[in-house]
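Data file: upload.cif. Format and content: mmCIF, C-alpha atoms.
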data_model
loop_
_atom_site.group_PDB
_atom_site.id
_atom_site.type_symbol
_atom_site.label_atom_id
_atom_site.label_comp_id
_atom_site.auth_asym_id
_atom_site.auth_seq_id
_atom_site.Cartn_x
_atom_site.Cartn_y
_atom_site.Cartn_z
ATOM 1 C CA MET A 70 -8.528 12.004 22.786
ATOM 2 C CA PHE A 71 -5.624 9.557 23.249
ATOM 3 C CA SER A 72 -2.759 9.891 25.631
ATOM 4 C CA ASN A 73 0.610 10.035 23.938
ATOM 5 C CA ALA A 74 1.910 7.147 25.939
ATOM 6 C CA TRP A 75 -0.960 4.961 24.923
ATOM 7 C CA VAL A 76 -0.519 5.764 21.264
ATOM 8 C CA TYR A 77 3.203 5.191 21.462
ATOM 9 C CA LEU A 78 2.687 1.787 22.989
ATOM 10 C CA ALA A 79 0.152 0.904 20.381
ATOM 11 C CA ILE A 80 2.616 1.712 17.632
ATOM 12 C CA GLY A 81 5.970 1.273 19.297
ATOM 13 C CA ASN A 82 5.926 -2.479 19.151
ATOM 14 C CA PHE A 83 5.537 -2.327 15.416
ATOM 15 C CA THR A 84 8.313 0.115 14.781
ATOM 16 C CA GLU A 85 10.670 -1.902 16.908
ATOM 17 C CA GLY A 86 10.009 -4.943 14.808
ATOM 18 C CA GLY A 87 8.161 -6.822 17.490
ATOM 19 C CA ALA A 88 11.257 -7.032 19.661
ATOM 20 C CA LEU A 89 9.190 -6.614 22.799
ATOM 21 C CA SER A 90 7.876 -9.973 23.771
ATOM 22 C CA GLY A 91 7.020 -9.504 27.409
ATOM 23 C CA GLY A 92 3.369 -8.804 26.762
ATOM 24 C CA GLU A 93 1.212 -5.845 27.390
ATOM 25 C CA GLU A 94 2.048 -5.244 31.043
ATOM 26 C CA GLN A 95 5.748 -5.017 30.425
ATOM 27 C CA SER A 96 5.217 -2.773 27.409
ATOM 28 C CA ARG A 97 3.176 -0.359 29.416
ATOM 29 C CA GLY A 98 5.766 -0.158 32.176
ATOM 30 C CA ARG A 99 8.592 0.625 29.812
ATOM 31 C CA VAL A 100 9.447 4.232 29.105
ATOM 32 C CA PRO A 101 10.973 4.506 25.638
ATOM 33 C CA ARG A 102 14.202 6.484 25.464
ATOM 34 C CA GLU A 103 12.843 8.815 22.820
ATOM 35 C CA ARG A 104 9.947 9.789 25.038
ATOM 36 C CA ARG A 105 12.090 10.295 28.121
ATOM 37 C CA HIS A 106 14.221 12.770 26.243
ATOM 38 C CA GLU A 107 11.240 14.713 24.996
ATOM 39 C CA ASP A 108 9.712 14.714 28.429
ATOM 40 C CA MET A 109 12.806 16.386 29.849
ATOM 41 C CA ILE A 110 12.582 19.158 27.313
ATOM 42 C CA GLU A 111 8.896 19.566 27.890
ATOM 43 C CA GLN A 112 9.372 19.943 31.624
ATOM 44 C CA ARG A 113 11.312 23.097 31.005
ATOM 45 C CA SER A 114 8.804 24.415 28.520
ATOM 46 C CA ILE A 115 5.749 26.486 29.066
ATOM 47 C CA ASP A 116 2.416 24.699 28.979
ATOM 48 C CA GLU A 117 1.458 25.974 25.581
ATOM 49 C CA ARG A 118 4.612 24.719 23.981
ATOM 50 C CA ARG A 119 4.132 21.391 25.631
ATOM 51 C CA ARG A 120 0.674 21.107 24.187
ATOM 52 C CA THR A 121 1.913 21.945 20.685
ATOM 53 C CA SER A 122 4.723 19.448 20.903
ATOM 54 C CA ALA A 123 2.399 16.770 22.216
ATOM 55 C CA ALA A 124 -0.074 17.379 19.425
ATOM 56 C CA LEU A 125 2.644 17.089 16.787
ATOM 57 C CA ASP A 126 3.940 13.958 18.412
ATOM 58 C CA GLU A 127 0.509 12.422 18.511
ATOM 59 C CA ALA A 128 -0.121 13.276 14.859
ATOM 60 C CA ARG A 129 3.145 11.591 13.908
ATOM 61 C CA LEU A 130 2.258 8.481 15.865
ATOM 62 C CA ARG A 131 -1.141 8.295 14.293
ATOM 63 C CA GLN A 132 0.477 8.526 10.878
ATOM 64 C CA GLN A 133 2.566 5.537 11.863
ATOM 65 C CA ALA A 134 -0.568 3.675 12.867
ATOM 66 C CA ILE A 135 -2.084 4.365 9.477
ATOM 67 C CA GLY A 136 1.137 3.270 7.801
ATOM 68 C CA VAL A 137 1.121 -0.027 9.653
ATOM 69 C CA ARG A 138 -2.463 -0.701 8.636
ATOM 70 C CA LEU A 139 -1.810 0.311 5.047
ATOM 71 C CA ARG A 140 1.019 -2.192 4.738
ATOM 72 C CA GLN A 141 -1.109 -4.790 6.438
ATOM 73 C CA MET A 142 -3.946 -4.223 3.990
ATOM 74 C CA PHE A 143 -1.568 -4.706 1.071
ATOM 75 C CA ASP A 144 0.248 -7.673 2.605
ATOM 76 C CA GLU A 145 -2.990 -9.480 3.272
ATOM 77 C CA VAL A 146 -3.483 -9.826 -0.464
ATOM 78 C CA VAL A 147 0.213 -10.541 -1.090
ATOM 79 C CA ASN A 148 -0.017 -13.437 1.362
ATOM 80 C CA GLU A 149 -3.109 -14.931 -0.220
ATOM 81 C CA GLN A 150 -2.661 -18.133 -2.161
ATOM 82 C CA VAL A 151 -2.261 -17.249 -5.835
ATOM 83 C CA PRO A 152 -5.135 -18.782 -7.831
ATOM 84 C CA ASP A 153 -3.931 -21.661 -10.049
ATOM 85 C CA GLU A 154 -5.329 -19.797 -13.019
ATOM 86 C CA PHE A 155 -2.366 -17.413 -13.020
ATOM 87 C CA LEU A 156 0.252 -20.116 -13.326
ATOM 88 C CA GLU A 157 -1.860 -22.030 -15.793
ATOM 89 C CA ILE A 158 -2.176 -19.038 -18.121
ATOM 90 C CA LEU A 159 1.525 -18.378 -17.931
ATOM 91 C CA ARG A 160 2.366 -22.021 -18.535
ATOM 92 C CA ARG A 161 0.189 -22.097 -21.651
ATOM 93 C CA ALA A 162 1.764 -18.909 -22.973
ATOM 94 C CA ASP A 163 5.230 -20.270 -22.342
ATOM 95 C CA LYS A 164 4.365 -23.488 -24.156
ATOM 96 C CA ARG A 165 2.992 -21.529 -27.096
ATOM 97 C CA SER A 166 6.072 -19.389 -27.409
ATOM 98 C CA SER A 167 8.475 -22.328 -27.218
ATOM 99 C CA GLU A 168 6.484 -24.142 -29.915
ATOM 100 C CA ASN A 169 6.375 -21.103 -32.151
ATOM 101 C CA GLY A 170 9.714 -19.642 -31.279
ATOM 102 C CA MET B 79 16.135 2.308 -12.734
ATOM 103 C CA ALA B 80 17.573 0.969 -15.999
ATOM 104 C CA GLY B 81 21.073 1.306 -14.592
ATOM 105 C CA PRO B 82 24.201 2.486 -16.323
ATOM 106 C CA ASP B 83 24.432 -0.564 -18.564
ATOM 107 C CA GLU B 84 22.415 0.357 -21.648
ATOM 108 C CA SER B 85 23.645 -2.495 -23.821
ATOM 109 C CA VAL B 86 21.463 -4.249 -26.365
ATOM 110 C CA PRO B 87 19.047 -6.744 -24.797
ATOM 111 C CA PRO B 88 20.380 -10.296 -24.989
ATOM 112 C CA PRO B 89 18.993 -12.480 -27.756
ATOM 113 C CA ARG B 90 15.933 -14.410 -26.833
ATOM 114 C CA SER B 91 16.657 -17.806 -25.436
ATOM 115 C CA ALA B 92 14.885 -20.468 -23.460
ATOM 116 C CA ALA B 93 17.134 -19.827 -20.477
ATOM 117 C CA VAL B 94 16.373 -16.114 -20.472
ATOM 118 C CA ASP B 95 12.657 -16.817 -20.813
ATOM 119 C CA GLU B 96 12.866 -19.251 -17.935
ATOM 120 C CA ALA B 97 14.614 -16.733 -15.689
ATOM 121 C CA PHE B 98 12.079 -14.100 -16.649
ATOM 122 C CA LYS B 99 9.197 -16.409 -15.910
ATOM 123 C CA ARG B 100 10.580 -17.356 -12.509
ATOM 124 C CA GLU B 101 10.875 -13.729 -11.522
ATOM 125 C CA LEU B 102 7.456 -12.889 -12.926
ATOM 126 C CA VAL B 103 5.814 -15.706 -10.955
ATOM 127 C CA GLN B 104 7.273 -14.303 -7.751
ATOM 128 C CA LEU B 105 5.686 -10.954 -8.513
ATOM 129 C CA ILE B 106 2.170 -12.292 -9.021
ATOM 130 C CA PRO B 107 1.132 -11.822 -5.357
ATOM 131 C CA HIS B 108 2.280 -8.204 -5.486
ATOM 132 C CA LEU B 109 0.528 -7.552 -8.780
ATOM 133 C CA ARG B 110 -2.652 -8.967 -7.284
ATOM 134 C CA ALA B 111 -2.347 -6.710 -4.261
ATOM 135 C CA PHE B 112 -1.752 -3.608 -6.349
ATOM 136 C CA ALA B 113 -4.623 -4.502 -8.664
ATOM 137 C CA ARG B 114 -6.883 -4.935 -5.649
ATOM 138 C CA THR B 115 -6.130 -1.408 -4.495
ATOM 139 C CA LEU B 116 -6.975 -0.067 -7.951
ATOM 140 C CA CYS B 117 -10.068 -2.158 -8.711
ATOM 141 C CA GLY B 118 -11.393 -2.929 -5.275
ATOM 142 C CA GLU B 119 -13.471 -5.852 -6.438
ATOM 143 C CA PRO B 120 -11.329 -9.025 -6.127
ATOM 144 C CA ALA B 121 -12.443 -10.794 -9.307
ATOM 145 C CA ALA B 122 -11.949 -7.687 -11.449
ATOM 146 C CA ALA B 123 -8.595 -7.152 -9.754
ATOM 147 C CA ASP B 124 -7.438 -10.662 -10.626
ATOM 148 C CA ASP B 125 -8.486 -10.139 -14.235
ATOM 149 C CA LEU B 126 -6.412 -6.987 -14.281
ATOM 150 C CA ALA B 127 -3.448 -8.724 -12.664
ATOM 151 C CA GLN B 128 -3.663 -11.560 -15.197
ATOM 152 C CA ASP B 129 -3.797 -9.121 -18.091
ATOM 153 C CA ALA B 130 -0.776 -7.302 -16.718
ATOM 154 C CA MET B 131 1.092 -10.556 -16.206
ATOM 155 C CA MET B 132 0.462 -11.572 -19.815
ATOM 156 C CA LYS B 133 1.389 -8.144 -21.133
ATOM 157 C CA ALA B 134 4.642 -8.402 -19.212
ATOM 158 C CA TRP B 135 5.263 -11.861 -20.612
ATOM 159 C CA ASP B 136 4.584 -10.727 -24.173
ATOM 160 C CA ALA B 137 6.893 -7.751 -23.692
ATOM 161 C CA ARG B 138 9.641 -9.777 -22.013
ATOM 162 C CA ASN B 139 12.148 -9.077 -24.768
ATOM 163 C CA SER B 140 11.960 -5.386 -24.042
ATOM 164 C CA PHE B 141 12.760 -5.974 -20.393
ATOM 165 C CA GLN B 142 16.369 -5.872 -19.378
ATOM 166 C CA MET B 143 17.053 -8.642 -16.901
ATOM 167 C CA GLY B 144 18.636 -7.378 -13.725
ATOM 168 C CA THR B 145 16.640 -4.149 -13.666
ATOM 169 C CA ASN B 146 13.620 -3.634 -11.449
ATOM 170 C CA MET B 147 11.002 -6.024 -12.733
ATOM 171 C CA LYS B 148 8.590 -5.245 -9.924
ATOM 172 C CA ALA B 149 8.406 -1.573 -10.870
ATOM 173 C CA TRP B 150 8.199 -2.515 -14.545
ATOM 174 C CA THR B 151 5.272 -4.873 -14.044
ATOM 175 C CA PHE B 152 3.495 -2.400 -11.754
ATOM 176 C CA MET B 153 3.807 0.204 -14.482
ATOM 177 C CA ILE B 154 2.287 -2.225 -16.980
ATOM 178 C CA LEU B 155 -0.557 -3.028 -14.617
ATOM 179 C CA ARG B 156 -1.253 0.622 -13.926
ATOM 180 C CA ASN B 157 -1.262 1.515 -17.630
ATOM 181 C CA GLN B 158 -3.563 -1.402 -18.297
ATOM 182 C CA PHE B 159 -5.938 -0.235 -15.574
ATOM 183 C CA TYR B 160 -6.142 3.314 -16.846
ATOM 184 C CA SER B 161 -6.493 2.317 -20.490
ATOM 185 C CA GLU B 162 -9.366 0.002 -19.592
ATOM 186 C CA LYS B 163 -10.936 2.770 -17.590
ATOM 187 C CA ARG B 164 -10.649 5.151 -20.515
ATOM 188 C CA ARG B 165 -12.372 2.657 -22.756
ATOM 189 C CA SER B 166 -15.237 1.894 -20.447
ATOM 190 C CA TRP B 167 -15.878 5.237 -18.844
ATOM 191 C CA ARG B 168 -16.471 8.635 -20.249
ATOM 192 C CA GLN B 169 -13.581 10.953 -19.575
ATOM 193 C CA SER B 170 -15.782 13.124 -17.427
ATOM 194 C CA GLN B 171 -16.311 10.231 -15.074
ATOM 195 C CA LEU B 172 -12.633 9.863 -14.317
ATOM 196 C CA ASP B 173 -13.058 11.817 -11.183
ATOM 197 C CA GLN B 174 -13.017 11.266 -7.518
ATOM 198 C CA GLU B 175 -16.560 9.986 -7.424
ATOM 199 C CA ALA B 176 -15.684 7.143 -9.747
ATOM 200 C CA ALA B 177 -12.584 6.350 -7.761
ATOM 201 C CA GLU B 178 -14.681 6.206 -4.627
ATOM 202 C CA ARG B 179 -17.010 3.608 -6.047
ATOM 203 C CA THR B 180 -14.169 1.248 -6.879
ATOM 204 C CA LEU B 181 -12.840 0.897 -3.368
ATOM 205 C CA VAL B 182 -16.142 1.175 -1.578
ATOM 206 C CA ALA B 183 -17.068 -2.003 -3.439
ATOM 207 C CA VAL B 184 -14.662 -3.856 -1.151
ATOM 208 C CA ASP B 185 -16.797 -5.522 1.438
ATOM 209 C CA ASP B 186 -15.219 -8.442 3.180
ATOM 210 C CA PRO B 187 -17.326 -9.268 6.253
ATOM 211 C CA GLU B 188 -14.332 -11.069 7.763
ATOM 212 C CA ALA B 189 -12.113 -8.009 7.605
ATOM 213 C CA PRO B 190 -11.391 -6.237 10.877
ATOM 214 C CA VAL B 191 -13.351 -3.055 11.269
ATOM 215 C CA ALA B 192 -10.355 -0.785 11.154
ATOM 216 C CA LEU B 193 -9.168 -2.229 7.874
ATOM 217 C CA ASP B 194 -12.535 -1.645 6.334
ATOM 218 C CA GLU B 195 -12.459 1.920 7.528
ATOM 219 C CA LEU B 196 -8.999 2.403 6.139
ATOM 220 C CA ARG B 197 -10.287 1.212 2.779
ATOM 221 C CA GLN B 198 -13.193 3.606 3.020
ATOM 222 C CA GLY B 199 -10.842 6.408 3.903
ATOM 223 C CA LEU B 200 -8.538 5.546 1.006
ATOM 224 C CA SER B 201 -11.466 5.525 -1.359
ATOM 225 C CA MET B 202 -12.155 9.136 -0.510
ATOM 226 C CA LEU B 203 -8.720 10.241 -1.696
ATOM 227 C CA PRO B 204 -8.166 11.401 -5.259
ATOM 228 C CA ALA B 205 -6.955 8.403 -7.312
ATOM 229 C CA GLU B 206 -3.514 9.868 -7.946
ATOM 230 C CA GLN B 207 -2.913 10.437 -4.238
ATOM 231 C CA ARG B 208 -4.173 7.018 -3.334
ATOM 232 C CA GLU B 209 -1.936 5.178 -5.748
ATOM 233 C CA ALA B 210 1.116 7.204 -4.730
ATOM 234 C CA LEU B 211 0.482 6.456 -1.068
ATOM 235 C CA ILE B 212 -0.043 2.762 -1.760
ATOM 236 C CA LEU B 213 3.088 2.399 -3.883
ATOM 237 C CA VAL B 214 5.309 4.155 -1.356
ATOM 238 C CA GLY B 215 3.511 3.359 1.877
ATOM 239 C CA ALA B 216 2.553 -0.248 1.228
ATOM 240 C CA GLY B 217 4.261 -1.469 -1.942
ATOM 241 C CA GLY B 218 7.737 -0.692 -0.671
ATOM 242 C CA PHE B 219 8.750 1.494 -3.608
ATOM 243 C CA ALA B 220 11.141 4.404 -3.375
ATOM 244 C CA TYR B 221 9.790 7.765 -4.482
ATOM 245 C CA GLU B 222 11.913 7.507 -7.628
ATOM 246 C CA GLU B 223 10.418 4.120 -8.511
ATOM 247 C CA ALA B 224 6.879 5.279 -7.817
ATOM 248 C CA ALA B 225 7.534 8.257 -10.085
ATOM 249 C CA GLU B 226 8.520 5.931 -12.923
ATOM 250 C CA ILE B 227 5.487 3.745 -12.358
ATOM 251 C CA CYS B 228 3.129 6.735 -12.374
ATOM 252 C CA ASN B 229 5.018 8.483 -15.144
ATOM 253 C CA CYS B 230 5.456 11.706 -13.230
ATOM 254 C CA ALA B 231 8.161 13.702 -11.480
ATOM 255 C CA VAL B 232 9.652 12.541 -8.183
ATOM 256 C CA GLY B 233 8.567 15.789 -6.542
ATOM 257 C CA THR B 234 5.025 15.160 -7.690
ATOM 258 C CA VAL B 235 5.001 11.739 -6.039
ATOM 259 C CA LYS B 236 6.400 13.182 -2.829
ATOM 260 C CA SER B 237 3.757 15.847 -2.701
ATOM 261 C CA ARG B 238 0.972 13.380 -3.525
ATOM 262 C CA VAL B 239 2.096 10.999 -0.796
ATOM 263 C CA SER B 240 2.322 13.791 1.701
ATOM 264 C CA ARG B 241 -1.090 15.172 0.810
ATOM 265 C CA ALA B 242 -2.570 11.673 0.850
ATOM 266 C CA ARG B 243 -1.202 11.033 4.352
ATOM 267 C CA ARG B 244 -2.577 14.280 5.675
ATOM 268 C CA ALA B 245 -5.936 13.783 4.005
ATOM 269 C CA LEU B 246 -6.284 10.196 5.162
ATOM 270 C CA HIS B 247 -5.420 11.212 8.679
ATOM 271 C CA ALA B 248 -7.992 13.974 8.548
ATOM 272 C CA ILE B 249 -10.626 11.663 7.098
ATOM 273 C CA LEU B 250 -10.113 8.989 9.736
ATOM 274 C CA GLU B 251 -9.792 11.508 12.500
ATOM 275 C CA GLY B 252 -12.062 14.339 11.614
ATOM 276 C CA GLY B 253 -15.472 15.218 10.356
ATOM 277 C CA ALA B 254 -14.900 14.181 6.754
ATOM 278 C CA TYR B 255 -15.583 10.584 7.563
ATOM 279 C CA ASP B 256 -18.941 9.351 8.685
ATOM 280 C CA ARG B 257 -20.614 6.038 8.129
ATOM 281 C CA ASP B 258 -23.405 4.101 9.757
ATOM 282 C CA GLY B 259 -23.932 6.980 12.105
ATOM 283 C CA ARG B 260 -20.628 6.348 13.817
ATOM 284 C CA SER B 261 -18.447 9.254 14.699
ATOM 285 C CA ALA B 262 -15.248 9.876 12.803
ATOM 286 C CA GLY B 263 -13.038 9.387 15.817
ATOM 287 C CA ASP B 264 -14.171 5.779 16.025
ATOM 288 C CA ALA B 265 -12.314 4.926 12.849
ATOM 289 C CA MET B 266 -9.016 6.161 14.171
ATOM 290 C CA ARG B 267 -9.644 4.619 17.555
ATOM 291 C CA SER B 268 -10.306 1.228 16.032
ATOM 292 C CA ILE B 269 -7.149 1.453 13.927
ATOM 293 C CA LEU B 270 -5.114 2.215 17.015
ATOM 294 C CA ALA B 271 -6.861 -0.414 19.079
ATOM 295 C CA ASP B 272 -6.239 -2.961 16.393
ATOM 296 C CA ALA B 273 -2.602 -1.945 16.147
ATOM 297 C CA GLU B 274 -2.258 -2.569 19.848
ATOM 298 C CA ARG B 275 -4.043 -5.889 19.665
ATOM 299 C CA LEU B 276 -1.784 -7.037 16.867
ATOM 300 C CA SER B 277 1.320 -5.844 18.618
ATOM 301 C CA THR B 278 0.551 -7.941 21.669
ATOM 302 C CA LEU B 279 0.173 -11.004 19.483
ATOM 303 C CA ARG B 280 3.777 -10.854 18.317
#
Final structure tokens representation of the file:
Amino acid sequence: MFSNAWVYLAIGNFTEGGALSGGEEQSRGRVPRERRHEDMIEQRSIDERRRTSAALDEARLRQQAIGVRLRQMFDEVVNEQVPDEFLEILRRADKRSSENG
Amino acid sequence: MAGPDESVPPPRSAAVDEAFKRELVQLIPHLRAFARTLCGEPAAADDLAQDAMMKAWDARNSFQMGTNMKAWTFMILRNQFYSEKRRSWRQSQLDQEAAERTLVAVDDPEAPVALDELRQGLSMLPAEQREALILVGAGGFAYEEAAEICNCAVGTVKSRVSRARRALHAILEGGAYDRDGRSAGDAMRSILADAERLSTLR
């Protein structure tokens, strides 16, 4: 359904911490070292083995995609402004305890 | 997590309270995020996060400064969530169906499609798998810390996370997921497309 290269590019920029800044065209032209190595092995393999390896690779990359989104989902809330109510409640409790304590 | 130093907690003082409060305030955004994944509905999640924050404050003398306050407060929040659930729901309802309702309630029209689908997918996981995946995969906790928070063995957390990842992948990818007549593959495609879009923005 997706080519490995496409999936890698979709995810690769994330895993490399956004180090690639040259935009989409440059990203597409770049062959990651990890992939090159695997490609060399695959060239010597029979077709079936290549397909299995590619499927495993693709599954791993998709897991990374899910991981990125999962963190993003969580971080979206983390980055929201905390409602004043929270600090207000805590401030009142602190005041109470220092008066009583 | 408590470290090798098991000395008696220091006597209560204003300075200790102040340090505790500072650290607790920094954790509020994370408590809110975790509560949101448990409750789904933002207002209910903030209530839960506030309750947990106050429980942590009230229990501050039992917390040893210098140990992992984030894990400690997450544990408090989680316990609070499940004790509230036990009160309000019959035990028989503590099943996957109930867990599904909580997250499906999330409906932010502004949210990107893929995020919404991820939430939907998460909501289909058993609660214990979902929380393990969120703690480790999004909350930044080590397996050992997640195990303490969930009060279970490290191996159990590992297996839950692994099963959750596989299940979520299958849901987003395969036939288990279907909504609004759209095919399952669309969910995964939109997640990947969005990942690419975001990566080009950096």
Legend entry - Residue with smallest distance to chain A - pool B:Glu209, B:Asp95, B:Glu223, B:Glu101, counting all atoms listed in the file: B:Asp95
Inset, instruction - Using only C-alpha atoms, find the one residue out of B:His108, B:Arg241, B:Arg138, B:Lys236 that sits nearest to chain A. - result: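 Closest to chain A, using only C-alpha atoms: B:His108.
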Inset, instruction - Write out as a PyMOL selection string each polymer residue whose atoms come within 10 Å of Glu149 (chain A), counting all atoms listed in the file; drop sequence neighbours fewer than 5 positions from it. - result: (chain A and resi 144) or (chain B and resi 107+110-111)
Inset, instruction - Could you please determine the separation between CA of Asp153 (chain A) and CA of Gly215 (chain B) in Å, to one decimal place? - result: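 Going from CA of Asp153 (chain A) over to CA of Gly215 (chain B), I get 28.7 Å.
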Legend entry - Selected residue, from B:Glu251, B:Glu195, B:Glu226, B:Asp125, that lies nearest to Ala149 (chain B) when counting only C-alpha atoms: B:Glu226
Legend entry - Among listed residues B:Ala122, B:Leu109, B:Met147, B:Ile249, nearest chain A (using all atoms listed in the file): B:Leu109
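Relative to CA of Asp163 (chain A), CA of Glu96 (chain B) is found at 8.9 Å.
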